[in-house]
Amino acid sequence: MNLLVTLITAGVTFGTVLMYGTLGEILTEKSGNLNLGVEGIMYMGGAFGLAGAFYYEKAVGAAASGPVAIVLALLAAFVAGCAASAIYSFLTITLRTNQNVTGLALSIFGTGVGQFVGEFMRLSEGGYVALSNHLKDSFAAAIMPDFLQGIPVIGPILFSHTVFFYMAVVLAVLMHLYFTRTRSGLYLRAVGESPATSDAAGINTTRYKYLATIIGGGISAIGGMVYIVTTAGCVWNHEGLSGVGWLAVALVIFCIWRPLNAIWGSVIFGAMMIMYLRVSLPFMPQQLYKILPYVVTVIVLIFTSMRNSRDKQPPASLGVNYFREER
Amino acid sequence: MKRLSLVLIVLAMVSAMVFAGGSSESAAATGDSNTVKVGLICIGDENDQGYTYNFIRGRDEATENLAAEGINVEWVTIYNIGEDSSCVDANIEAAEQGCQIIINNSYGFEPYMLEVVDDYPEITFISCTSYMSWNDGRDNTHNAFANIYEGRYIAGVVAGMKLQQMIDEGQITPEQAVIGYVGAFPFAEVVSGYTSYFLGARSVCPSVTMKVMYVSSWSDATAESDAALALIDQGCVLISQHSDNTTPATAAQSRGVFHTGYNNDMTGIAPDASLIGTRIDWGIYFTEAIRAYVNGEEIPQDWCKGMGEGAVVMTPLNEAIAAPGTAEKIAEVEAAIADGSLEVFDTSTFTVGGQTVTTAMALDTDGDFTPDSVEAVHDGAFHESEAQSAPYFTLRIDGIVELN
Amino acid sequence: MLGITKSFGQVLANDHIDFSVRWGEILALLGENGSGKTTLMNMLSGIYQPDEGRILEDGQEIYIRSPKDAYEHGIGMIHQHYKLIEVFTAAQNMILGLDDVKMDMRQVDARVREICERYGFEIDPSMKVYDMSVSQKQTVEIVKVLFRGANILVLDEPTAVLTPQETVKLFKVLRNMKEDGKAIVIITHKLNEVMEVSDRVSVLRKGQYIGTVETSRTNPQALTDMMVGHAVSLNIDRPRYDNPQTRLVVEGLTCVDEEGITRLEDVSFTANTGEILGVAGISGSGQKELLEAMTGLYPVKAGSVRFLNDKGEEVELIGKTPMQIRRTGVGMAFVPEDRLGMGLVGSMGMTGNMMLRSWRNGRGALLKRKDPQALADRILEELEVVTPGTEYPVRRLSGGNVQKVLVGREIAIQPSVLLTAYAVRGLDINTSYTIYRLLTEQKMKGVAVVYVGEDLDVLLELADRILVLCGGRVSGIVDARTTTKEEIGLMMTHLGGKEVNG
């Protein structure tokens, strides 16, 4: 039992990173854009987010306040993600390039930019780039009061996490409400299902696609920042984020494009990633553990397509560019 | 015209990709007569605040020392090279840039380095922490390491003293004195490292035991952090590591357990957790090797020095949290090692499968990864790093459990 | 709508058309395929803009630049291809794009039910579209239009996918809406429906407005005359072939499509050597299914297609795949309607497309390129195909040249049966005549040619006999040299043709 509790609790740390990546990508995909560049966007989010907090601290010195640093890091990461997605949007929505190719190019580009920014900071600082311990503590701190954390079983699982986890949960709930309860959310889903129909109904498909993709990219980028400030200990890490973006893309499918599923889905994926360290089955080599999330995603894909339930399909025009003249 | 621009774009992309793997910097050149160009190929960069950072420190220290002697060293440093074919490219790049000596800093670089050495017979290749040069039939390859086990032993002593203090003060029971060790691979270098560490701890805290977790990578910040947390969840109250990043330290700090580091002083990053660290001072070796080269002398094929010569040093002790009397104990042990009265791998201090060890081979001559020549056990101890610089202690002693 | 003109490139779809509809009436817009009906209505619903002309509502000029404008003027169009989001409910589809309607689904539901009651629709607002039948989806579309306050409704071929019972229901609600004062336009080519439900009929032919009549004062014959017009002489050479033999016997062919609609019913005819059998009929009468069933590409529910070779031996073709048909030695060539989709591989050159027929001739796994190359060269020369080379991708060729490549390839296998669907659609005059010449040449070599076409003038001059399909059934088989355009037109719209009363 204790093993399960610790496994889940530990899984949340990595799961939070995934959650941002996934939620952002869900928003993007709901509008019909398949943005495979999440990997690059998360790298950029990590680099720029750290830069935001780091330069703030350099400028302000000892007076650096934790909350302000968090806000700055969030903003910097978000803006970086939005910028990258804006490029993608322009290419695919206005210029109508192939979405898969553009997304892949963005993932390589974003990784390069992120690593470049990290290197640049390292060189200009003449050493490693890290935040002071004081700031590090605010980023990584568990924000719930101790007595809540002390509750057996639920305590660690639910209450022992950083502010980013709770923010992500709130974001997931908000997104769910947005999709199901608001008119704008309904229109967005319509655009993702059938842009031709939405266009005929008078909805501005271009605007919805742009906004959803850009904001979605910003959210995904925050995930990269969360990785740097929690797991990597507020130090720029060159390869730590590699593969995380792709996991997020797989997780979107696993969650069947539903934000609420992302909450527990990301924890499960997070737990699977660290399972090799905690659950040692003698016949399972480490590598097998590491491919577990992907295997699970494939299984989910097979099941959903077998059952053929119409509600569980991707948005019908996902990955397809909309040409108005073809009407 | 469209074709031409397409071809140009493709060319530009291809050349960009060639430069994408790893980055390099070169220091500017001033004088010439006593100038030597040295390449340094690193598995990471200073951001790891660990392994590669330690090498950079060594590099800078050597540059300073040699400059004082009138030797000017130009460095070509290449960062973030993986233990894969990009290492071959990096070595070639360094060679093409005119390096006279090329240093590879990671254990797994050696096979790739060996693919290049025959093409540049006039360049001296050095593979740190590795072992193949005595057997590879070439003149221009060398190895180097240090008696890091001495440093680890002392770090273990510090850890043990802390644990014993916790037992004496009733914070933990004797059985709860468990050390968690984040290791990279089950290689001899790692086994040797954690065994000497453990023996040091046990010399002052008899009830201590150790759990080891391998993360299958020399440098994987996420995995190292995860492993540390997993060990802590399993009841370890002190964490140590043989891996390149600082995340085990931050993990320990976040959970309120103690830590000893490697390659760097991690007390700045984890002031409430990290007690001490140990590192190889590569500056000593680099100074010697480069000086020898410039003076036209032979660089030893295999080089290994210890604490006594300053090749292995301890990082500053975190007095705020260390057990009382630690500093004195350290001095005592250092002296004992230096004068030979203390053998780290004294065979009377450990057992394997309940038996005392009387014989163990050191070198592997036929490439099957089982040592088969040169007796390492004599005079009541296993003599590490005597037959070659790279460690070869692979015995699994009682009291240490490997979890994966 | 006054003086409406619209061109797409070279094609003049609407040529100065005057059109009007009154409140409280059902107007049928009648015309053959390509007559411009849908284009005209698309301008009313804001999808296209007219090149010339004006639109007036109640005497006031209005500008319709987008579907939204059309809605604002109370015009709603129900297309042949429904514009619904499958995973939404009916109610959710209703409110798409309506920014001023409150998101209160209960209110929406209530309003939907109110509309349904008023006119006699039966839909459940909370049902998901993917669970609905085609007829229900159409109802959702109509209610959607009414929900937005449309007073002028345009329905494009509404009964194309309905069963007779569903059609009856539809007409009932249409009459209810008419009583309520709405103006309704039905685009159709089904004469019986026109007679049944409309008040007036406007006829278009080849992009031009012919005239409007009161339904009560006309009859199918007169309407057909207006739709089809007089015969035009084309000067196509039509030699006679001596001694035609029976080559194909089609008996009782019946085909049902995926949605359960019967496309061909009890079709029987023969195709003879040395003869061009023309197949006439309104689009969707089963021509495509007929040809595909004969080549083994369409599932057949009942009936047989028997091929008789020169020795009089019979081969049953139904139930075989195209490859199996080929193996039996039956030389059947097929020039499909969908040239670049079904007939040719667009990104390959002429040679590659020749190989589509001959790829099995190579040894082992390797392709033999020499023969197809020679064939491609020959076709290029003999048919004067305009292309930069035989490796140039065929999809880049002009329509006429594409067709020449396709027909050339099919003829090259020296078939005994040649089936063509809409062989000259979209081609210029010269290329069309080239195709006619090729087909006639094949006929004189003893090939049984089946020519499915839509231009009655051509059929009358090219074919020897004409088979007329109407609603999936054989309406009649006549001698092309003695029949008239009116006779055929009547058979196309009315089973049997001859028995007609006004």
# chains A, B, ... in the order shown; residues from 1 in each chain; ligands from 1
>>> select_by_dssp(residues="stretch 208-278 of chain B", states="strand (DSSP E)", output="ChimeraX atom specification")
/B:209-214,238-241,258-262,274-278
>>> write_last_selection(atoms="C-alpha atoms", output="mmCIF file, in the first residue's frame")
data_model
loop_
_atom_site.group_PDB
_atom_site.id
_atom_site.type_symbol
_atom_site.label_atom_id
_atom_site.label_comp_id
_atom_site.auth_asym_id
_atom_site.auth_seq_id
_atom_site.Cartn_x
_atom_site.Cartn_y
_atom_site.Cartn_z
ATOM 1 C CA THR B 209 23.614 -0.627 5.597
ATOM 2 C CA MET B 210 23.303 0.631 2.051
ATOM 3 C CA LYS B 211 20.885 0.397 -0.863
ATOM 4 C CA VAL B 212 22.056 1.077 -4.396
ATOM 5 C CA MET B 213 19.927 2.121 -7.362
ATOM 6 C CA TYR B 214 21.288 2.325 -10.911
ATOM 7 C CA LEU B 238 21.282 9.747 3.738
ATOM 8 C CA ILE B 239 21.887 9.953 0.007
ATOM 9 C CA SER B 240 25.105 9.746 -1.917
ATOM 10 C CA GLN B 241 25.747 9.542 -5.597
ATOM 11 C CA PHE B 258 21.340 14.225 4.365
ATOM 12 C CA HIS B 259 23.658 13.963 1.438
ATOM 13 C CA THR B 260 27.236 13.674 0.349
ATOM 14 C CA GLY B 261 28.240 14.732 -3.098
ATOM 15 C CA TYR B 262 30.659 13.970 -5.876
ATOM 16 C CA SER B 274 24.853 18.175 1.878
ATOM 17 C CA LEU B 275 27.652 17.391 4.300
ATOM 18 C CA ILE B 276 30.679 17.093 2.103
ATOM 19 C CA GLY B 277 31.759 16.034 -1.295
ATOM 20 C CA THR B 278 34.787 14.551 -2.956
#
>>> residues_around(residues="C:Lys485", least_positions_apart="4", cutoff="12 Å", atoms="only C-alpha atoms", output="PyMOL selection string")
chain C and resi 221+224-233+280+455-461+466+468+478-481+489-492+497
>>> write_last_selection(atoms="C-alpha atoms", output="compact mmCIF listing (two decimals), in the first residue's frame")
# COMPACT_ATOMS: atom_id res chain seq x y z
CA GLN C 221 -44.43 16.50 -71.85
CA THR C 224 -39.69 18.03 -70.93
CA ASP C 225 -39.75 20.00 -74.11
CA MET C 226 -38.69 23.08 -72.25
CA MET C 227 -35.98 21.22 -70.41
CA VAL C 228 -34.50 19.52 -73.36
CA GLY C 229 -35.12 21.87 -76.27
CA HIS C 230 -34.79 21.12 -79.97
CA ALA C 231 -32.37 18.73 -81.57
CA VAL C 232 -29.09 20.21 -82.81
CA SER C 233 -27.30 18.68 -85.75
CA ALA C 280 -29.22 8.16 -71.51
CA ASP C 455 -25.79 15.30 -74.20
CA LEU C 456 -28.84 14.00 -76.02
CA ASP C 457 -27.82 15.57 -79.30
CA VAL C 458 -24.61 13.55 -79.29
CA LEU C 459 -26.39 10.37 -78.35
CA LEU C 460 -28.82 10.77 -81.16
CA GLU C 461 -26.04 11.11 -83.69
CA ILE C 466 -30.15 4.15 -77.01
CA VAL C 468 -32.81 5.08 -71.35
CA VAL C 478 -34.92 2.74 -78.95
CA ASP C 479 -33.26 2.96 -82.32
CA ALA C 480 -31.20 6.13 -82.35
CA ARG C 481 -31.76 6.80 -86.00
CA GLY C 489 -36.42 13.26 -72.78
CA LEU C 490 -39.78 11.92 -71.79
CA MET C 491 -38.39 8.47 -71.11
CA MET C 492 -35.67 9.97 -68.95
CA GLY C 497 -42.18 7.58 -71.61
>>> select_by_dssp(residues="stretch 107-327 of chain B", states="helix (DSSP H, G or I)", output="PyMOL selection string")
chain B and resi 107-117+132-134+148-168+174-176+188-204+221-233+247-255+282-294+307-309+326-327
>>> interface_residues(of="chain B", to="chain A", cutoff="9 Å", atoms="only C-alpha atoms", output="PDB file with C-alpha atoms, in the first residue's frame")
ATOM      1  CA  ALA B  20      23.862  21.319 -34.144  1.00  0.00           C
ATOM      2  CA  SER B  23      28.986  23.302 -29.214  1.00  0.00           C
ATOM      3  CA  GLY B  44      27.951  17.646 -20.414  1.00  0.00           C
ATOM      4  CA  ASP B  45      28.530  21.278 -19.648  1.00  0.00           C
ATOM      5  CA  GLU B  46      29.007  23.371 -16.558  1.00  0.00           C
ATOM      6  CA  ASN B  47      25.293  23.391 -15.896  1.00  0.00           C
ATOM      7  CA  ASP B  48      25.599  19.953 -14.421  1.00  0.00           C
ATOM      8  CA  GLN B  49      27.517  21.565 -11.581  1.00  0.00           C
ATOM      9  CA  TYR B  53      32.031  21.274 -14.212  1.00  0.00           C
ATOM     10  CA  ASN B  80      27.353  17.928 -24.567  1.00  0.00           C
ATOM     11  CA  MET B 213      19.927   2.121  -7.362  1.00  0.00           C
ATOM     12  CA  TYR B 214      21.288   2.325 -10.911  1.00  0.00           C
ATOM     13  CA  VAL B 215      19.867   4.897 -13.302  1.00  0.00           C
ATOM     14  CA  SER B 216      21.571   3.521 -16.433  1.00  0.00           C
ATOM     15  CA  ASP B 220      20.249  12.033 -16.374  1.00  0.00           C
ATOM     16  CA  ALA B 221      18.996  14.730 -14.083  1.00  0.00           C
ATOM     17  CA  THR B 222      15.440  13.486 -14.000  1.00  0.00           C
ATOM     18  CA  ALA B 223      16.336   9.887 -13.333  1.00  0.00           C
ATOM     19  CA  SER B 225      16.236  12.877  -8.895  1.00  0.00           C
ATOM     20  CA  ASP B 226      13.646  10.145  -9.219  1.00  0.00           C
ATOM     21  CA  ALA B 227      16.064   7.551  -7.925  1.00  0.00           C
ATOM     22  CA  LEU B 229      13.346  10.186  -4.091  1.00  0.00           C
ATOM     23  CA  ALA B 230      12.622   6.523  -4.501  1.00  0.00           C
ATOM     24  CA  LEU B 231      15.455   5.627  -2.145  1.00  0.00           C
ATOM     25  CA  ASP B 233      10.744   6.672   0.130  1.00  0.00           C
ATOM     26  CA  GLN B 234      12.275   3.327   0.937  1.00  0.00           C
ATOM     27  CA  THR B 246      23.076  17.840  -8.535  1.00  0.00           C
ATOM     28  CA  THR B 247      19.493  16.688  -8.495  1.00  0.00           C
ATOM     29  CA  THR B 250      18.207  18.937  -4.197  1.00  0.00           C
ATOM     30  CA  ALA B 251      15.988  15.921  -3.806  1.00  0.00           C
ATOM     31  CA  SER B 254      13.560  18.783  -0.276  1.00  0.00           C
ATOM     32  CA  GLY B 268      25.686  25.635  -1.741  1.00  0.00           C
ATOM     33  CA  ILE B 269      22.814  23.977  -3.495  1.00  0.00           C
ATOM     34  CA  ALA B 270      21.648  21.916  -0.561  1.00  0.00           C
ATOM     35  CA  PRO B 271      22.836  23.753   2.532  1.00  0.00           C
ATOM     36  CA  LEU B 403      17.897  -2.642  -5.843  1.00  0.00           C
ATOM     37  CA  ASN B 404      17.896  -2.881  -9.603  1.00  0.00           C
TER      38      ASN B 404
END
>>> residues_around(residues="C:Lys83", least_positions_apart="3", cutoff="9 Å", atoms="only C-alpha atoms", output="list in words")
Ser194, Ala196, Thr197, Ser198, Ala200 and Ala201 of chain A; Ile78, His79 and Glu141 of chain C
>>> write_last_selection(atoms="C-alpha atoms", output="PDB file, in the first residue's frame")
ATOM      1  CA  SER A 194     -15.979  20.509 -39.567  1.00  0.00           C
ATOM      2  CA  ALA A 196     -16.719  23.948 -43.632  1.00  0.00           C
ATOM      3  CA  THR A 197     -19.887  23.654 -41.604  1.00  0.00           C
ATOM      4  CA  SER A 198     -18.731  26.220 -39.093  1.00  0.00           C
ATOM      5  CA  ALA A 200     -21.155  28.181 -43.460  1.00  0.00           C
ATOM      6  CA  ALA A 201     -22.742  28.933 -40.111  1.00  0.00           C
TER       7      ALA A 201
ATOM      8  CA  ILE C  78     -30.709  23.202 -47.475  1.00  0.00           C
ATOM      9  CA  HIS C  79     -27.917  21.637 -49.498  1.00  0.00           C
ATOM     10  CA  GLU C 141     -31.281  21.049 -41.601  1.00  0.00           C
TER      11      GLU C 141
END
>>> interface_residues(of="chain C", to="chain A", cutoff="9 Å", atoms="only C-alpha atoms", output="list of chain:residue names")
C:Ile47, C:Ser66, C:Pro67, C:Lys68, C:Tyr82, C:Lys83, C:Leu84, C:Ile85, C:Glu86, C:Val87, C:Phe88, C:Gln92, C:Asn93, C:Ile95, C:Leu96, C:Gly97, C:Leu98, C:Asp99, C:Lys102, C:Met103, C:Tyr130
>>> residues_around(residues="C:Val385", least_positions_apart="2", cutoff="12 Å", atoms="only C-alpha atoms", output="PyMOL selection string")
chain C and resi 350+376-383+387-390+392+394+397-408+431+434
>>> residues_around(residues="A:His161", least_positions_apart="3", cutoff="8 Å", atoms="only C-alpha atoms", output="PDB file with N, CA and C atoms, in the first residue's frame")
ATOM      1  N   VAL A  12       3.246  12.406  -9.536  1.00  0.00           N
ATOM      2  CA  VAL A  12       2.632  13.703  -9.786  1.00  0.00           C
ATOM      3  C   VAL A  12       3.666  14.744 -10.237  1.00  0.00           C
ATOM      4  N   THR A  13       4.876  14.603  -9.700  1.00  0.00           N
ATOM      5  CA  THR A  13       5.891  15.602 -10.042  1.00  0.00           C
ATOM      6  C   THR A  13       6.106  15.665 -11.554  1.00  0.00           C
ATOM      7  N   ALA A 141       8.182  24.543  -3.470  1.00  0.00           N
ATOM      8  CA  ALA A 141       7.530  24.342  -2.168  1.00  0.00           C
ATOM      9  C   ALA A 141       6.175  23.692  -2.310  1.00  0.00           C
ATOM     10  N   ALA A 142       5.846  22.921  -1.332  1.00  0.00           N
ATOM     11  CA  ALA A 142       4.487  22.380  -1.240  1.00  0.00           C
ATOM     12  C   ALA A 142       3.644  23.429  -0.551  1.00  0.00           C
ATOM     13  N   ILE A 143       2.545  23.780  -1.174  1.00  0.00           N
ATOM     14  CA  ILE A 143       1.850  24.951  -0.646  1.00  0.00           C
ATOM     15  C   ILE A 143       0.713  24.638   0.304  1.00  0.00           C
ATOM     16  N   MET A 144       0.382  23.391   0.404  1.00  0.00           N
ATOM     17  CA  MET A 144      -0.734  23.083   1.299  1.00  0.00           C
ATOM     18  C   MET A 144      -0.245  23.003   2.723  1.00  0.00           C
ATOM     19  N   LEU A 158      -2.707  13.860  -2.305  1.00  0.00           N
ATOM     20  CA  LEU A 158      -3.430  15.030  -2.787  1.00  0.00           C
ATOM     21  C   LEU A 158      -2.799  16.360  -2.411  1.00  0.00           C
ATOM     22  N   PHE A 164       2.212  24.539  -8.894  1.00  0.00           N
ATOM     23  CA  PHE A 164       1.979  24.312 -10.324  1.00  0.00           C
ATOM     24  C   PHE A 164       0.996  23.187 -10.566  1.00  0.00           C
ATOM     25  N   PHE A 165       1.062  22.172  -9.679  1.00  0.00           N
ATOM     26  CA  PHE A 165       0.126  21.067  -9.833  1.00  0.00           C
ATOM     27  C   PHE A 165      -1.306  21.549  -9.670  1.00  0.00           C
ATOM     28  N   TYR A 166      -1.542  22.317  -8.624  1.00  0.00           N
ATOM     29  CA  TYR A 166      -2.911  22.755  -8.378  1.00  0.00           C
ATOM     30  C   TYR A 166      -3.397  23.692  -9.469  1.00  0.00           C
TER      31      TYR A 166
END
>>> residues_around(residues="B:Asp398", least_positions_apart="4", cutoff="7 Å", atoms="only C-alpha atoms", output="ChimeraX atom specification")
/B:351-353
>>> write_last_selection(atoms="N, CA and C atoms", output="PDB file, in the first residue's frame")
ATOM      1  N   THR B 351      33.121  -8.781   4.102  1.00  0.00           N
ATOM      2  CA  THR B 351      32.957 -10.165   3.657  1.00  0.00           C
ATOM      3  C   THR B 351      32.122 -10.199   2.400  1.00  0.00           C
ATOM      4  N   VAL B 352      32.335 -11.238   1.631  1.00  0.00           N
ATOM      5  CA  VAL B 352      31.505 -11.458   0.450  1.00  0.00           C
ATOM      6  C   VAL B 352      30.836 -12.796   0.621  1.00  0.00           C
ATOM      7  N   GLY B 353      29.507 -12.761   0.741  1.00  0.00           N
ATOM      8  CA  GLY B 353      28.791 -14.012   0.963  1.00  0.00           C
ATOM      9  C   GLY B 353      29.205 -14.664   2.271  1.00  0.00           C
TER      10      GLY B 353
END
>>> residues_around(residues="stretch 238-249 of chain C", least_positions_apart="2", cutoff="8 Å", atoms="only C-alpha atoms", output="list in words")
Ile236, Glu251, Ser268, Phe269, Thr270, Ala271, Asn272, Thr273, Gly274, Glu275, Ser304, Val305, Arg306, Phe307, Leu308, Asn309, Val417, Thr440, Lys443, Met444, Gly446, Ala448, Glu461, Leu462 and Ala463 of chain C
